[in-house]
Amino acid sequence: MIHFKKIAIGYNKTLFTIPDLKLNRGDVFILAGKNGVGKSTLLKTICGYIKPLSGTLLLNNKEINQFNSNEMARTCSIVNSTFNGIPYLKAKDYVALGRTPHTNAWGTIKKEDEKKVFESLKDISMFSHKDFYTNELSDGERQLLSICRAVCQDTPIILFDEPTAFLDYKNKQNIIRYLKSLAKNHNKTILISSHDLDMCIKENIPFLIINQKEKQIKEIHDQNLDAVLKVAFE
Amino acid sequence: MSKQKAYIWISILLFCIPIFGIADLMIGEISIPIKDCFNALFNYDDNSVNHIIIHEFRIPRMVMAILAGAALAVSGLLMQTLFNNQLAGPYVLGINSGASLFIGLFILTGFQFFNTEHGMLFSALLGAFILGIIMLICSLFVRSNLSLLLIGIMLSSFMGAIINLMETFAESEKLKGFFFWSMGSLQRVEFSQLSWIIIIILIALIFSFTIVKPLNTLVIGEEQSQILGIKIKQVRLSCIAITAILTGTITAYCGPIAFLGLAVPNLSKIIFKTQDHKILLFVNIFLGATFMLLCDILIQMLESMVLIPVNVLTSLIGAPFIIYLVIRKKS
């Protein structure tokens, strides 16, 4: 659960404010808005990289500045839009890195860790690629692996920074549906920043839209592209 | 490579060390039979010339070859992982030259930071550590790894220039001493000093195994490691400290040894095709030691014809290897 209380978001200057907003477990939201409006900044604030300029931010009822780095890694994971691939790093080993916050000081991958890794690879049909080296995969396939890694991190909150940017239409659809089911079945809070507005509307996912003019974040539940565009770009 | 297969290869490498080690004891200007090598170790007789040669010269030399190989290879691996660049290494990043500069100050100008028996060692350690910290600070401001590499190369030549400047003012006797030091040699350590060097290097090597987990995540970058809950500043400091101790100690006693720290980690990744540092650390220790023993055997075999300093030989082998790496990466 993410709870914003009178929060100002930004690096040095306030980009926008959130008076009061609660994202519960099982919720999926699409974060939309113009380029440069502060979507990534908001995601980085939630996972603790950037401190909010003012106000309080609670993750699972605990204030964000009381998390140590490992607790944070067990609470919130984030998927970036690119992963460039590393020579000699196998797909399954990359995904297994997601288990890092749960493993011992040596980072030993146990049987149950491996089971989680394989399950998540099967869920997005990448299991057949598990022994490929990550620098030999396509951008889209690597993106799928990054999503797998975040799923394996097994956190109640998962943030996605344009996860579908490199994917083809079918894969975009699959991923969006997969994330929806993930939130529902595993009771996770999922926030996805995306520019694929049409698809998200088709999949019936509610929006959080950052409006640049009013410096406010707005919740939109009716699935109407015009309404979304109006708030996002006017 | 599968884990089982990797462990078999590591065992083979481990097995290579005593074999090449004993070969290193036997080969030289005077060939010494294997029986005398063992007797010199376990049944020392100070009337036998062979025993004295083994004890006073060849054992320190062999042990230093093993230590230098292992230490420099691990330093290189840590630097490559920390800076996320396969061309990084203690020599390229100027950590060696930091030690060289302070050794230069020590030998050439007689300016002593530590007026003790181990003054030279402490000077080298201090120099290596200062340079490590400078590179670390630079890495905070410079995002691009290529720029960072450039800074390292520039720092190296800058310190080379200061050393040259000191050389022009130094007395000829001191100059000669520094020149011999800078050629690199495995023959500078006495038997009685070995135990200290072994302890220092062993502690640093063991300590490197405590950061296996963060090293494995650093492969995918610092930001991603933070997402996975790694305390990045601690890890950076540990990496630099271990590298400074390993490189500083070896540089103090053997002189600057080029390219080994760059070549061996790359070789280990090419052969073992893994990014698991639990395996890579073992491989680099054993492969580095084997490589250095082979170099030393080669030097000793050629000794009757031509005297090749160790730094020259590693550069002769290392430089073409790096060119090969760059070309291979492009294609």
# chains A, B, ... in the order shown; residues from 1 in each chain; ligands from 1
$ interface_residues --of "chain A" --to "chain B" --cutoff "12 Å" --atoms "only C-alpha atoms" --output "PyMOL selection string"
chain A and resi 44+46-49+67-80+82-91+93-109+131-135+146+149-150+152-155+158-159
$ select_by_dssp --residues "stretch 45-102 of chain A" --states "helix (DSSP H, G or I)" --output "VMD selection string"
chain A and resid 45 to 46 64 to 66 69 to 75 91 to 102
$ atom_distance --atom1 "atom CA of B:Val326" --atom2 "atom CA of A:Gln143"
27.7 Å
$ select_by_dssp --residues "stretch 38-215 of chain A" --states "strand (DSSP E)" --output "JSON, numbers by chain"
{"A": [54, 55, 56, 57, 58, 59, 62, 63, 76, 77, 78, 79, 157, 158, 159, 160, 161, 189, 190, 191, 192, 193, 207, 208, 209, 210, 211]}
$ write_last_selection --atoms "N, CA and C atoms" --output "JSON list (two decimals), in the first residue's frame"
[["chain", "number", "residue", "atom", "x", "y", "z"],
["A", 54, "SER", "N", 8.36, 17.87, 0.61],
["A", 54, "SER", "CA", 7.66, 18.06, 1.89],
["A", 54, "SER", "C", 6.56, 17.01, 2.00],
["A", 55, "GLY", "N", 6.01, 16.85, 3.18],
["A", 55, "GLY", "CA", 4.92, 15.89, 3.37],
["A", 55, "GLY", "C", 5.40, 14.51, 3.78],
["A", 56, "THR", "N", 4.45, 13.58, 3.96],
["A", 56, "THR", "CA", 4.82, 12.22, 4.37],
["A", 56, "THR", "C", 4.38, 11.21, 3.33],
["A", 57, "LEU", "N", 5.22, 10.17, 3.20],
["A", 57, "LEU", "CA", 4.95, 9.09, 2.28],
["A", 57, "LEU", "C", 5.04, 7.79, 3.06],
["A", 58, "LEU", "N", 3.93, 7.03, 3.09],
["A", 58, "LEU", "CA", 3.93, 5.77, 3.83],
["A", 58, "LEU", "C", 3.87, 4.59, 2.88],
["A", 59, "LEU", "N", 4.75, 3.61, 3.07],
["A", 59, "LEU", "CA", 4.65, 2.35, 2.35],
["A", 59, "LEU", "C", 4.28, 1.30, 3.38],
["A", 62, "LYS", "N", 4.36, 2.40, 6.95],
["A", 62, "LYS", "CA", 5.63, 2.77, 7.58],
["A", 62, "LYS", "C", 6.22, 3.93, 6.81],
["A", 63, "GLU", "N", 6.71, 4.92, 7.54],
["A", 63, "GLU", "CA", 7.22, 6.10, 6.86],
["A", 63, "GLU", "C", 8.49, 5.79, 6.08],
["A", 76, "CYS", "N", 9.70, -2.63, -2.21],
["A", 76, "CYS", "CA", 9.39, -1.93, -3.44],
["A", 76, "CYS", "C", 10.43, -2.24, -4.50],
["A", 77, "SER", "N", 9.99, -2.68, -5.67],
["A", 77, "SER", "CA", 10.94, -2.88, -6.77],
["A", 77, "SER", "C", 10.54, -2.00, -7.94],
["A", 78, "ILE", "N", 11.50, -1.73, -8.80],
["A", 78, "ILE", "CA", 11.22, -0.83, -9.93],
["A", 78, "ILE", "C", 11.85, -1.40, -11.19],
["A", 79, "VAL", "N", 11.12, -1.32, -12.30],
["A", 79, "VAL", "CA", 11.62, -1.82, -13.59],
["A", 79, "VAL", "C", 11.84, -0.63, -14.51],
["A", 157, "ILE", "N", 5.02, -3.88, -3.51],
["A", 157, "ILE", "CA", 4.85, -2.76, -4.43],
["A", 157, "ILE", "C", 5.81, -2.94, -5.61],
["A", 158, "ILE", "N", 5.28, -2.84, -6.84],
["A", 158, "ILE", "CA", 6.17, -2.87, -8.01],
["A", 158, "ILE", "C", 5.87, -1.65, -8.88],
["A", 159, "LEU", "N", 6.93, -0.93, -9.24],
["A", 159, "LEU", "CA", 6.78, 0.25, -10.08],
["A", 159, "LEU", "C", 7.40, -0.04, -11.45],
["A", 160, "PHE", "N", 6.74, 0.43, -12.50],
["A", 160, "PHE", "CA", 7.26, 0.19, -13.85],
["A", 160, "PHE", "C", 7.43, 1.52, -14.56],
["A", 161, "ASP", "N", 8.65, 1.79, -15.03],
["A", 161, "ASP", "CA", 8.92, 3.03, -15.75],
["A", 161, "ASP", "C", 8.92, 2.70, -17.25],
["A", 189, "THR", "N", 0.53, -3.89, -5.13],
["A", 189, "THR", "CA", 0.24, -2.55, -5.62],
["A", 189, "THR", "C", 1.14, -2.31, -6.82],
["A", 190, "ILE", "N", 0.54, -2.01, -7.98],
["A", 190, "ILE", "CA", 1.35, -1.84, -9.18],
["A", 190, "ILE", "C", 1.08, -0.48, -9.82],
["A", 191, "LEU", "N", 2.14, 0.24, -10.11],
["A", 191, "LEU", "CA", 2.03, 1.54, -10.75],
["A", 191, "LEU", "C", 2.90, 1.52, -12.00],
["A", 192, "ILE", "N", 2.26, 1.81, -13.15],
["A", 192, "ILE", "CA", 2.97, 1.68, -14.43],
["A", 192, "ILE", "C", 2.97, 3.03, -15.13],
["A", 193, "SER", "N", 4.12, 3.60, -15.38],
["A", 193, "SER", "CA", 4.13, 4.81, -16.19],
["A", 193, "SER", "C", 4.17, 4.37, -17.64],
["A", 207, "PHE", "N", -6.45, 5.35, -14.42],
["A", 207, "PHE", "CA", -5.30, 6.23, -14.65],
["A", 207, "PHE", "C", -5.01, 7.13, -13.46],
["A", 208, "LEU", "N", -3.74, 7.42, -13.27],
["A", 208, "LEU", "CA", -3.34, 8.56, -12.44],
["A", 208, "LEU", "C", -2.67, 9.51, -13.40],
["A", 209, "ILE", "N", -3.21, 10.70, -13.55],
["A", 209, "ILE", "CA", -2.66, 11.61, -14.55],
["A", 209, "ILE", "C", -2.10, 12.85, -13.87],
["A", 210, "ILE", "N", -0.87, 13.19, -14.26],
["A", 210, "ILE", "CA", -0.26, 14.39, -13.71],
["A", 210, "ILE", "C", -0.60, 15.54, -14.65],
["A", 211, "ASN", "N", -1.27, 16.54, -14.12],
["A", 211, "ASN", "CA", -1.63, 17.70, -14.91],
["A", 211, "ASN", "C", -0.63, 18.82, -14.64]]
$ atom_distance --atom1 "atom CA of B:Ile66" --atom2 "atom CA of B:Ile12"
15.9 Å
$ residues_around --residues "A:His129" --least-positions-apart "4" --cutoff "9 Å" --atoms "only C-alpha atoms" --output "PyMOL selection string"
chain A and resi 91-92+121+125+133+137+141
$ write_last_selection --atoms "C-alpha atoms" --output "compact mmCIF listing (two decimals), in the first residue's frame"
# COMPACT_ATOMS: atom_id res chain seq x y z
CA ALA A 91 18.92 -14.92 -18.55
CA LYS A 92 18.08 -17.10 -15.54
CA LEU A 121 9.97 -17.11 -16.55
CA SER A 125 6.84 -17.57 -21.73
CA TYR A 133 23.20 -14.85 -22.58
CA LEU A 137 18.62 -11.38 -26.68
CA GLU A 141 13.14 -10.06 -24.61
$ residues_around --residues "stretch 160-169 of chain B" --least-positions-apart "2" --cutoff "9 Å" --atoms "only C-alpha atoms" --output "number ranges by chain"
B: 97, 100-101, 104-105, 108-109, 155-158, 171-172, 174-175, 178
$ residues_around --residues "B:Gln187" --least-positions-apart "2" --cutoff "10 Å" --atoms "only C-alpha atoms" --output "list of chain:residue names"
B:Glu56, B:Phe57, B:Arg58, B:Ile59, B:Pro60, B:Arg61, B:Met62, B:Met64, B:Ala65, B:Gly184, B:Ser185, B:Val189, B:Glu190, B:Tyr253, B:Cys254
$ residues_around --residues "A:Ile18" --least-positions-apart "4" --cutoff "7 Å" --atoms "only C-alpha atoms" --output "list in words"
Phe4, Lys5, Lys6, Ile7, Ala8, Gln216 and Ile217 of chain A
$ residues_around --residues "B:Ile271" --least-positions-apart "4" --cutoff "12 Å" --atoms "only C-alpha atoms" --output "ChimeraX atom specification"
/A:88 /B:1,5-6,9-10,264-267,275,279-280,283-284,287
$ decode --residues "stretch 46-154 of chain B" --atoms "C-alpha atoms" --output "mmCIF file, in the first residue's frame"
data_model
loop_
_atom_site.group_PDB
_atom_site.id
_atom_site.type_symbol
_atom_site.label_atom_id
_atom_site.label_comp_id
_atom_site.auth_asym_id
_atom_site.auth_seq_id
_atom_site.Cartn_x
_atom_site.Cartn_y
_atom_site.Cartn_z
ATOM 1 C CA ASP B 46 73.135 -25.315 5.026
ATOM 2 C CA ASN B 47 76.224 -26.981 3.603
ATOM 3 C CA SER B 48 74.500 -27.800 0.336
ATOM 4 C CA VAL B 49 74.721 -25.072 -2.310
ATOM 5 C CA ASN B 50 71.520 -26.309 -3.958
ATOM 6 C CA HIS B 51 69.664 -26.051 -0.674
ATOM 7 C CA ILE B 52 70.856 -22.515 -0.127
ATOM 8 C CA ILE B 53 69.829 -21.466 -3.634
ATOM 9 C CA ILE B 54 66.374 -22.962 -3.166
ATOM 10 C CA HIS B 55 65.903 -21.514 0.290
ATOM 11 C CA GLU B 56 67.349 -18.039 -0.204
ATOM 12 C CA PHE B 57 66.409 -17.300 -3.802
ATOM 13 C CA ARG B 58 63.986 -19.620 -5.469
ATOM 14 C CA ILE B 59 61.359 -20.126 -2.736
ATOM 15 C CA PRO B 60 60.878 -16.369 -2.129
ATOM 16 C CA ARG B 61 60.721 -15.897 -5.880
ATOM 17 C CA MET B 62 58.157 -18.649 -6.405
ATOM 18 C CA VAL B 63 55.977 -17.484 -3.507
ATOM 19 C CA MET B 64 56.086 -13.897 -4.763
ATOM 20 C CA ALA B 65 55.082 -15.063 -8.252
ATOM 21 C CA ILE B 66 52.035 -16.857 -6.825
ATOM 22 C CA LEU B 67 51.092 -13.920 -4.570
ATOM 23 C CA ALA B 68 51.626 -11.267 -7.256
ATOM 24 C CA GLY B 69 49.617 -13.203 -9.830
ATOM 25 C CA ALA B 70 46.714 -13.843 -7.479
ATOM 26 C CA ALA B 71 46.685 -10.321 -6.001
ATOM 27 C CA LEU B 72 46.874 -8.426 -9.287
ATOM 28 C CA ALA B 73 44.290 -10.634 -10.993
ATOM 29 C CA VAL B 74 41.810 -10.125 -8.145
ATOM 30 C CA SER B 75 42.505 -6.352 -8.107
ATOM 31 C CA GLY B 76 41.777 -6.250 -11.822
ATOM 32 C CA LEU B 77 38.551 -8.204 -11.408
ATOM 33 C CA LEU B 78 37.340 -5.889 -8.622
ATOM 34 C CA MET B 79 38.128 -2.762 -10.652
ATOM 35 C CA GLN B 80 36.444 -4.136 -13.768
ATOM 36 C CA THR B 81 33.303 -4.981 -11.846
ATOM 37 C CA LEU B 82 33.228 -1.762 -9.820
ATOM 38 C CA PHE B 83 33.713 0.506 -12.845
ATOM 39 C CA ASN B 84 31.638 -1.804 -15.041
ATOM 40 C CA ASN B 85 34.344 -1.727 -17.699
ATOM 41 C CA GLN B 86 36.336 -4.641 -19.009
ATOM 42 C CA LEU B 87 39.320 -2.404 -19.761
ATOM 43 C CA ALA B 88 39.682 -1.253 -16.163
ATOM 44 C CA GLY B 89 42.470 -2.546 -13.965
ATOM 45 C CA PRO B 90 44.821 -1.278 -11.276
ATOM 46 C CA TYR B 91 47.455 -0.326 -13.848
ATOM 47 C CA VAL B 92 45.098 1.449 -16.239
ATOM 48 C CA LEU B 93 43.277 3.318 -13.472
ATOM 49 C CA GLY B 94 46.508 4.725 -12.067
ATOM 50 C CA ILE B 95 46.459 2.846 -8.750
ATOM 51 C CA ASN B 96 49.813 1.311 -9.622
ATOM 52 C CA SER B 97 51.239 4.688 -10.514
ATOM 53 C CA GLY B 98 50.045 6.102 -7.186
ATOM 54 C CA ALA B 99 52.151 3.472 -5.465
ATOM 55 C CA SER B 100 55.009 4.192 -7.887
ATOM 56 C CA LEU B 101 54.908 7.902 -7.134
ATOM 57 C CA PHE B 102 55.177 7.357 -3.397
ATOM 58 C CA ILE B 103 57.907 4.779 -3.868
ATOM 59 C CA GLY B 104 59.638 7.351 -6.070
ATOM 60 C CA LEU B 105 59.372 9.906 -3.282
ATOM 61 C CA PHE B 106 60.749 7.314 -0.896
ATOM 62 C CA ILE B 107 63.720 6.137 -2.971
ATOM 63 C CA LEU B 108 64.582 9.233 -5.020
ATOM 64 C CA THR B 109 64.136 12.130 -2.643
ATOM 65 C CA GLY B 110 64.538 10.256 0.590
ATOM 66 C CA PHE B 111 61.316 11.885 1.764
ATOM 67 C CA GLN B 112 59.895 9.371 4.209
ATOM 68 C CA PHE B 113 56.290 9.271 5.337
ATOM 69 C CA PHE B 114 56.968 6.377 7.626
ATOM 70 C CA ASN B 115 60.391 6.115 9.124
ATOM 71 C CA THR B 116 60.211 2.413 9.899
ATOM 72 C CA GLU B 117 61.507 -0.869 8.626
ATOM 73 C CA HIS B 118 58.481 -1.252 6.385
ATOM 74 C CA GLY B 119 58.574 2.375 5.197
ATOM 75 C CA MET B 120 58.549 1.414 1.549
ATOM 76 C CA LEU B 121 55.512 -0.846 1.962
ATOM 77 C CA PHE B 122 53.536 1.812 3.814
ATOM 78 C CA SER B 123 54.454 4.435 1.216
ATOM 79 C CA ALA B 124 53.205 2.211 -1.596
ATOM 80 C CA LEU B 125 50.011 1.388 0.293
ATOM 81 C CA LEU B 126 49.346 5.066 0.982
ATOM 82 C CA GLY B 127 49.956 5.988 -2.654
ATOM 83 C CA ALA B 128 47.713 3.214 -3.939
ATOM 84 C CA PHE B 129 44.961 4.148 -1.504
ATOM 85 C CA ILE B 130 45.101 7.881 -2.314
ATOM 86 C CA LEU B 131 44.843 7.164 -6.033
ATOM 87 C CA GLY B 132 41.992 4.748 -5.398
ATOM 88 C CA ILE B 133 40.116 7.439 -3.486
ATOM 89 C CA ILE B 134 40.765 9.999 -6.250
ATOM 90 C CA MET B 135 39.351 7.591 -8.843
ATOM 91 C CA LEU B 136 36.404 6.909 -6.569
ATOM 92 C CA ILE B 137 35.646 10.626 -6.207
ATOM 93 C CA CYS B 138 35.948 11.062 -9.966
ATOM 94 C CA SER B 139 33.535 8.186 -10.485
ATOM 95 C CA LEU B 140 30.933 10.108 -8.466
ATOM 96 C CA PHE B 141 31.045 13.035 -10.887
ATOM 97 C CA VAL B 142 31.770 11.281 -14.153
ATOM 98 C CA ARG B 143 28.954 9.071 -15.385
ATOM 99 C CA SER B 144 30.641 7.708 -18.493
ATOM 100 C CA ASN B 145 33.056 4.841 -17.927
ATOM 101 C CA LEU B 146 35.113 5.877 -20.925
ATOM 102 C CA SER B 147 35.744 9.316 -19.430
ATOM 103 C CA LEU B 148 36.717 7.676 -16.173
ATOM 104 C CA LEU B 149 39.209 5.471 -17.976
ATOM 105 C CA LEU B 150 40.626 8.561 -19.665
ATOM 106 C CA ILE B 151 41.022 10.292 -16.297
ATOM 107 C CA GLY B 152 42.875 7.230 -15.010
ATOM 108 C CA ILE B 153 45.241 7.216 -17.984
ATOM 109 C CA MET B 154 45.831 10.971 -17.619
#
